[in-house]
Amino acid sequence: MQSKIDMKVKRQLLWKEMKKNKHNYVLMAPYVILFLTFTIIPVFMSLGISFTYFNLLESPRFIGLDNYTKLLLEDDIFVISLKNTLILAVVTGPVSYLLAFVFAWLINELKPKLRAFMTLIFYAPSISGNAFLIWLLIFSGDVHGYANAILMNLGFIDNPILWLKDPDYMLFIIILVQLWLSLGVSFLAFIAGLQSVDKTLYEAGAIDGIKNRWQELWFITLPSMKPQLLFGAVMQITTSLAIAEVSMQLVGFPSIQYAGHTIVTHLIDYGSTRFDLGYASAIATLLFLIMMSANIIVRSILRRVGE
Amino acid sequence: MQNLIEQIKNRKYRKKKRINRSKGGDIALFIILALFGVFSAFPLIMTASNAFKPLDELFLFPPRLLPRNITFDNFRDLSELMSNSWIPFTRYFFNTILITVLGTLGHVLIASMAAYPLAKYKFPGRTIIFTLVVYSLMFAPQVTATPNYIIISGLGLVDNPAAIILPAIASSLGLYLMKQFMEQIPDELIESAKIDGASEYRIFFQIVMPLVKPAWLTLIILLFQRLWITDGGSFIFSEELKPVSYALRQIAQGTIERAGTIAAVSFIMMIVPVTFFIFSQSRIVETFSHSGMK
């Protein structure tokens, strides 16, 4: 009885609190409705659909874990796409993260005008839309391709290499182009983070015996920008596990021997081409789990930096 | 007198000298930056210069960095190619501009409206919403592509620009950055406006929004570059509603002979967001100084 009254009082208090904040809910409503509709609800829908056979024409039919067993045990192409995705992520994720930080750190030493110019140079590829298609020309398989022309002129190769058709080179090229595109928001976050490190810390550090720029980086700069480092990690991990566009545009979709196939292109294959939405949702759910766990693991490691 | 000059000289010297920097290190730094800078800029410069090269210069070896005979042929070919097609070129551009402008402005307005309470008030539901936003940064939009298609067709929005615009408005990165940026607005400012009798909505539109202009620019560029290159995906079927990026893909099928035309379109697609960034860089970087996560 007592607890029932407590609950009632609590609910009344909550209601009062909510009424007091009416304007806040009004301001947030449009965003929250769209956000729930297009981001949160779909995650749960995806999970639900993944247990069904669904082709958009008939209503979904519950088939239990069939999609998952097929995906993990029978689908050889999924295994290839998983392997490619992990290779791409393990290389482009950490490398792009390091590059973004190192360039931001080096740029930070420059005078403001030069700094702004170099920021533009490194950031521009990531906002240049379809400009990455120029790599089709650079790695074109005939003698007109810049890479072939240069290597042949220098005498390294006799015949042009079919860069974009040869499974041995595809992943390498996707990695190269992806890295070229990878200095995005985390790069800007690092530049901003470096500029806001308290300058007096460096003077104090010099007095306390810090001798060179490396020690300064390790003992002062990195610990001061931990929040930006965490933010940048989330951005790079999510991007590096979602590589698809560059692969599809450069090496084709599907690529020869599936050498450029990734989890996301596999997902697109089943979702948009074959309309097997149940299976596509199973792929999406696995990808979701991979992305979330990668993020959570890396975050818990990075949180410990400097502690 | 002599002493004083000496003192000033010393002070100047002290000010200029940077702590813990060696000359060798500075030179190495410069070389590394220059090398990677060239790697980063080269493809973009090629894209730009190819757009203005006549066809015979496009396949010269060694490739010339800058065109010798600057020509606008590629742009002319492009518009011819497109106007000969069923749908005129300008229509594709109009579609892209419509999607980009509505999506970007909608995002800035709606994400800011939501960011303000999250940054400045405590109320039931606040923590859960913001936690969901942070978690949503951890997975790529492709994860939700299939259910999104079902939702959008359920809402009857297939083959409607809203199918692209509405999900973009709800982009979580923009809300996250805007909320972090708004946190630094002093509470006293809002309090004093309240004492003066301003309503909550008025405070938001007349005090908060003008203060977060740097963050607007950031949200604009992030969404702009995403929407600017959208090809309509599986949401837009009608040829007359397709964005320009789709048309580019059609042209690009023509492979190598179309290299000049492809370069012309790539150049147009690239130059708009890059120009925008050039003029708003310092404010965008300012926004990111508050981007940190705990």
# chains A, B, ... in the order shown; residues from 1 in each chain; ligands from 1

call {"tool": "residues_around", "arguments": {"residues": "Thr287 of chain B", "least_positions_apart": "4", "cutoff": "10 Å", "atoms": "only C-alpha atoms", "output": "PyMOL selection string"}}
result
(chain A and resi 188-189+192) or (chain B and resi 177-178+180-182+212-219+282-283+291)

call {"tool": "write_last_selection", "arguments": {"atoms": "N, CA and C atoms", "output": "CSV table (one decimal), in the first residue's frame"}}
result
chain,number,residue,atom,x,y,z
A,188,LEU,N,39.5,17.2,-38.4
A,188,LEU,CA,39.1,18.5,-38.0
A,188,LEU,C,39.0,18.6,-36.4
A,189,ALA,N,38.5,17.5,-35.9
A,189,ALA,CA,38.4,17.5,-34.4
A,189,ALA,C,39.8,17.5,-33.8
A,192,ALA,N,41.2,21.0,-34.1
A,192,ALA,CA,40.6,21.9,-33.1
A,192,ALA,C,41.1,21.6,-31.7
B,177,LEU,N,27.3,17.4,-32.5
B,177,LEU,CA,28.2,18.6,-32.6
B,177,LEU,C,27.5,19.8,-32.1
B,178,MET,N,26.3,20.0,-32.5
B,178,MET,CA,25.5,21.2,-32.1
B,178,MET,C,25.3,21.3,-30.6
B,180,GLN,N,27.1,19.8,-28.2
B,180,GLN,CA,28.4,20.0,-27.6
B,180,GLN,C,28.8,21.5,-27.7
B,181,PHE,N,28.5,22.1,-28.8
B,181,PHE,CA,28.9,23.5,-29.0
B,181,PHE,C,28.0,24.4,-28.2
B,182,MET,N,26.7,24.1,-28.0
B,182,MET,CA,25.8,24.9,-27.3
B,182,MET,C,26.1,24.9,-25.8
B,212,VAL,N,25.4,30.4,-32.1
B,212,VAL,CA,26.0,29.2,-32.6
B,212,VAL,C,26.3,29.1,-34.1
B,213,LYS,N,26.4,30.3,-34.7
B,213,LYS,CA,26.7,30.4,-36.1
B,213,LYS,C,27.8,29.5,-36.6
B,214,PRO,N,29.0,29.4,-35.9
B,214,PRO,CA,30.0,28.5,-36.4
B,214,PRO,C,29.6,27.1,-36.5
B,215,ALA,N,28.7,26.7,-35.6
B,215,ALA,CA,28.2,25.3,-35.7
B,215,ALA,C,27.3,25.1,-36.8
B,216,TRP,N,26.5,26.1,-37.2
B,216,TRP,CA,25.6,26.0,-38.4
B,216,TRP,C,26.5,25.6,-39.6
B,217,LEU,N,27.6,26.4,-39.7
B,217,LEU,CA,28.4,26.1,-40.9
B,217,LEU,C,28.9,24.7,-40.9
B,218,THR,N,29.2,24.2,-39.7
B,218,THR,CA,29.7,22.8,-39.7
B,218,THR,C,28.6,21.8,-40.1
B,219,LEU,N,27.4,22.0,-39.5
B,219,LEU,CA,26.3,21.1,-39.9
B,219,LEU,C,26.0,21.2,-41.4
B,282,SER,N,37.7,28.5,-40.6
B,282,SER,CA,38.1,28.7,-39.2
B,282,SER,C,36.9,28.5,-38.3
B,283,ARG,N,35.7,28.8,-38.7
B,283,ARG,CA,34.5,28.6,-37.9
B,283,ARG,C,34.2,27.1,-37.7
B,291,SER,N,34.0,19.0,-29.8
B,291,SER,CA,33.4,17.8,-30.3
B,291,SER,C,33.7,16.6,-29.4

call {"tool": "residues_around", "arguments": {"residues": "Ile150 of chain B", "least_positions_apart": "5", "cutoff": "10 Å", "atoms": "only C-alpha atoms", "output": "PyMOL selection string"}}
result
(chain A and resi 42+45+56+277) or (chain B and resi 145+155-156+158)

call {"tool": "closest_residue", "arguments": {"among": "A:Ser81, A:Ser281, A:Asn153, A:Ser247", "to": "Phe132 of chain A", "atoms": "only C-alpha atoms"}}
result
A:Ser247

call {"tool": "atom_distance", "arguments": {"atom1": "atom CA of Ser46 of chain A", "atom2": "atom CA of Ile129 of chain B"}}
result
20.3 Å

call {"tool": "atom_distance", "arguments": {"atom1": "atom CA of Ile151 of chain B", "atom2": "atom CA of Ile110 of chain B"}}
result
20.6 Å

call {"tool": "atom_distance", "arguments": {"atom1": "atom CA of Phe276 of chain B", "atom2": "atom CA of Leu44 of chain B"}}
result
15.9 Å

call {"tool": "residues_around", "arguments": {"residues": "Glu240 of chain B", "least_positions_apart": "3", "cutoff": "10 Å", "atoms": "only C-alpha atoms", "output": "PDB file with C-alpha atoms, in the first residue's frame"}}
result
ATOM      1  CA  TRP B  86      15.421  12.558 -72.399  1.00  0.00           C
ATOM      2  CA  ILE B  87      15.756  14.781 -69.349  1.00  0.00           C
ATOM      3  CA  PRO B  88      17.689  18.051 -69.670  1.00  0.00           C
ATOM      4  CA  ARG B  91      16.694  19.233 -64.310  1.00  0.00           C
ATOM      5  CA  TYR B  92      19.158  16.865 -62.617  1.00  0.00           C
ATOM      6  CA  PHE B  94      17.672  21.304 -59.918  1.00  0.00           C
ATOM      7  CA  ASN B  95      16.809  18.021 -58.176  1.00  0.00           C
ATOM      8  CA  ILE B 236      13.842   7.591 -56.491  1.00  0.00           C
ATOM      9  CA  PHE B 237      12.783   5.900 -59.699  1.00  0.00           C
ATOM     10  CA  PRO B 243      19.845  13.882 -58.849  1.00  0.00           C
TER      11      PRO B 243
END

call {"tool": "interface_residues", "arguments": {"of": "chain B", "to": "chain A", "cutoff": "7 Å", "atoms": "only C-alpha atoms", "output": "JSON, numbers by chain"}}
result
{"B": [20, 21, 29, 37, 40, 41, 43, 44, 47, 59, 110, 111, 113, 114, 117, 123, 124, 138, 139, 140, 142, 143, 144, 146, 147, 148, 167, 170, 200, 225, 229, 266, 269, 270, 273, 274, 285, 286, 288, 289, 291, 292, 293, 294]}

call {"tool": "select_by_dssp", "arguments": {"residues": "segment 76-273 of chain A", "states": "helix (DSSP H, G or I)", "output": "PyMOL selection string"}}
result
chain A and resi 76-107+112-127+129-138+146-153+167-180+185-195+199-207+213-224+226-241+245-251+256-258+263-273

call {"tool": "closest_residue", "arguments": {"among": "A:Val79, A:Met7, A:Leu114, A:Leu164", "to": "Met248 of chain A", "atoms": "only C-alpha atoms"}}
result
A:Leu164

call {"tool": "select_by_dssp", "arguments": {"residues": "segment 9-222 of chain A", "states": "strand (DSSP E)", "output": "MDAnalysis selection string"}}
result
chainID A and resid 52:53 61:62

call {"tool": "write_last_selection", "arguments": {"atoms": "C-alpha atoms", "output": "compact mmCIF listing (two decimals), in the first residue's frame"}}
result
# COMPACT_ATOMS: atom_id res chain seq x y z
CA THR A 52 11.96 -14.09 -41.32
CA TYR A 53 11.82 -14.74 -45.02
CA ARG A 61 7.32 -15.61 -42.78
CA PHE A 62 9.05 -16.57 -39.52
